[in-house]
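J.: Hey, dropping upload.pdb in here, PDB, C-alpha atoms, pLDDT in the B column:
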ATOM      1  CA  MET A 113      50.842  21.896   8.437  1.00 58.00           C
ATOM      2  CA  SER A 114      53.801  23.576  10.042  1.00 76.00           C
ATOM      3  CA  GLN A 115      53.741  24.895  13.574  1.00 79.00           C
ATOM      4  CA  GLN A 116      53.869  28.547  12.434  1.00 81.00           C
ATOM      5  CA  SER A 117      51.005  28.193   9.956  1.00 88.00           C
ATOM      6  CA  ARG A 118      48.913  26.435  12.592  1.00 86.00           C
ATOM      7  CA  GLN A 119      49.548  29.262  15.060  1.00 88.00           C
ATOM      8  CA  ASP A 120      48.688  31.823  12.370  1.00 86.00           C
ATOM      9  CA  TYR A 121      45.465  29.960  11.625  1.00 87.00           C
ATOM     10  CA  GLU A 122      44.510  29.774  15.303  1.00 88.00           C
ATOM     11  CA  GLN A 123      45.321  33.487  15.778  1.00 89.00           C
ATOM     12  CA  ARG A 124      43.199  34.406  12.745  1.00 89.00           C
ATOM     13  CA  MET A 125      40.297  32.319  14.030  1.00 89.00           C
ATOM     14  CA  LYS A 126      40.603  33.928  17.456  1.00 89.00           C
ATOM     15  CA  TRP A 127      40.470  37.412  15.896  1.00 93.00           C
ATOM     16  CA  GLU A 128      37.433  36.446  13.813  1.00 90.00           C
ATOM     17  CA  ARG A 129      35.634  35.138  16.891  1.00 90.00           C
ATOM     18  CA  GLU A 130      36.417  38.347  18.788  1.00 91.00           C
ATOM     19  CA  GLU A 131      35.196  40.512  15.877  1.00 90.00           C
ATOM     20  CA  ARG A 132      31.990  38.478  15.631  1.00 89.00           C
ATOM     21  CA  ARG A 133      31.483  38.780  19.386  1.00 89.00           C
ATOM     22  CA  GLU A 134      31.987  42.569  19.227  1.00 89.00           C
ATOM     23  CA  ARG A 135      29.511  42.927  16.345  1.00 87.00           C
ATOM     24  CA  LEU A 136      26.908  40.866  18.170  1.00 89.00           C
ATOM     25  CA  SER A 137      27.526  42.817  21.361  1.00 91.00           C
ATOM     26  CA  LEU A 138      26.907  46.081  19.511  1.00 89.00           C
ATOM     27  CA  PHE A 139      23.767  44.618  17.934  1.00 91.00           C
ATOM     28  CA  TYR A 140      22.414  43.517  21.321  1.00 93.00           C
ATOM     29  CA  LYS A 141      23.174  46.905  22.871  1.00 94.00           C
ATOM     30  CA  MET A 142      21.318  48.640  20.043  1.00 95.00           C
ATOM     31  CA  MET A 143      18.367  46.298  20.468  1.00 96.00           C
ATOM     32  CA  ASP A 144      18.310  47.052  24.202  1.00 97.00           C
ATOM     33  CA  PHE A 145      18.328  50.793  23.456  1.00 97.00           C
ATOM     34  CA  PHE A 146      15.480  50.526  20.937  1.00 97.00           C
ATOM     35  CA  GLY A 147      13.563  48.319  23.359  1.00 97.00           C
ATOM     36  CA  VAL A 148      13.851  50.937  26.092  1.00 98.00           C
ATOM     37  CA  VAL A 149      12.764  53.704  23.696  1.00 98.00           C
ATOM     38  CA  LEU A 150       9.804  51.631  22.515  1.00 98.00           C
ATOM     39  CA  GLY A 151       8.892  50.836  26.117  1.00 98.00           C
ATOM     40  CA  VAL A 152       8.926  54.525  27.072  1.00 98.00           C
ATOM     41  CA  ILE A 153       6.727  55.369  24.072  1.00 98.00           C
ATOM     42  CA  CYS A 154       4.294  52.612  25.054  1.00 98.00           C
ATOM     43  CA  ILE A 155       4.182  53.920  28.622  1.00 98.00           C
ATOM     44  CA  PHE A 156       3.326  57.435  27.387  1.00 98.00           C
ATOM     45  CA  VAL A 157       0.605  56.083  25.086  1.00 98.00           C
ATOM     46  CA  LEU A 158      -0.883  54.011  27.903  1.00 98.00           C
ATOM     47  CA  LEU A 159      -0.779  57.011  30.262  1.00 98.00           C
ATOM     48  CA  ALA A 160      -2.599  59.118  27.659  1.00 98.00           C
ATOM     49  CA  LEU A 161      -5.241  56.392  27.351  1.00 98.00           C
ATOM     50  CA  LEU A 162      -5.554  56.179  31.126  1.00 98.00           C
ATOM     51  CA  PHE A 163      -6.019  59.937  31.514  1.00 97.00           C
ATOM     52  CA  SER A 164      -8.552  59.889  28.684  1.00 98.00           C
ATOM     53  CA  LEU A 165     -10.458  57.098  30.426  1.00 97.00           C
ATOM     54  CA  ILE A 166     -10.419  58.949  33.744  1.00 97.00           C
ATOM     55  CA  SER A 167     -11.658  62.130  32.041  1.00 96.00           C
ATOM     56  CA  TRP A 168     -14.443  60.220  30.296  1.00 96.00           C
ATOM     57  CA  LEU A 169     -15.373  58.479  33.538  1.00 95.00           C
ATOM     58  CA  THR A 170     -15.618  61.724  35.525  1.00 94.00           C
ATOM     59  CA  ASP A 171     -17.740  63.304  32.783  1.00 92.00           C
ATOM     60  CA  ASP A 172     -19.970  60.234  32.647  1.00 93.00           C
ATOM     61  CA  ILE A 173     -20.407  60.099  36.420  1.00 92.00           C
ATOM     62  CA  SER A 174     -21.254  63.794  36.623  1.00 91.00           C
ATOM     63  CA  SER A 175     -23.788  63.512  33.770  1.00 91.00           C
ATOM     64  CA  THR A 176     -25.306  60.399  35.373  1.00 89.00           C
ATOM     65  CA  PHE A 177     -25.743  62.175  38.701  1.00 87.00           C
ATOM     66  CA  SER A 178     -27.214  65.248  36.996  1.00 89.00           C
ATOM     67  CA  ILE A 179     -29.779  63.020  35.226  1.00 86.00           C
ATOM     68  CA  ILE A 180     -30.635  61.309  38.517  1.00 85.00           C
ATOM     69  CA  ARG A 181     -30.938  64.718  40.235  1.00 84.00           C
ATOM     70  CA  THR A 182     -33.319  66.053  37.585  1.00 85.00           C
ATOM     71  CA  ARG A 183     -35.532  62.949  37.747  1.00 82.00           C
ATOM     72  CA  LEU A 184     -35.771  63.121  41.552  1.00 78.00           C
ATOM     73  CA  ARG A 185     -37.053  66.719  41.469  1.00 75.00           C
TER      74      ARG A 185
END
The structure in this file should be written as structure tokens.
T.:
Amino acid sequence: MSQQSRQDYEQRMKWEREERRERLSLFYKMMDFFGVVLGVICIFVLLALLFSLISWLTDDISSTFSIIRTRLR
């Protein structure tokens, strides 16, 4: 192998490695973005469940105290 062909081969391999690294970098950035979006959606769903639980709990407590009040009369 001549010196020039070896340098060409090494340059080509270097470019291929850089292209592969750029593609993987883009892939990882997209995965991070989708992970953040999915995390935000999960947070909103969990907040909705929490507010639903709090609403149910306040209704249940008020109905429990109204039952206790009527039985004590």
J.: Can you work out the spacing between CA of Ile166 (chain A) and CA of Gly147 (chain A) in Å, to one decimal?
T.: 28.2 Å
J.: So what do you get for CA of Met125 (chain A) versus CA of Leu138 (chain A), distance-wise?
T.: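 According to the coordinates, CA of Met125 (chain A) and CA of Leu138 (chain A) are separated by 20.0 Å.
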J.: Would you compute the distance between CA of Leu165 (chain A) and CA of Arg183 (chain A)? Give it in Å to one decimal.
T.: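 About the pair CA of Leu165 (chain A) and CA of Arg183 (chain A): they are 26.8 Å apart.
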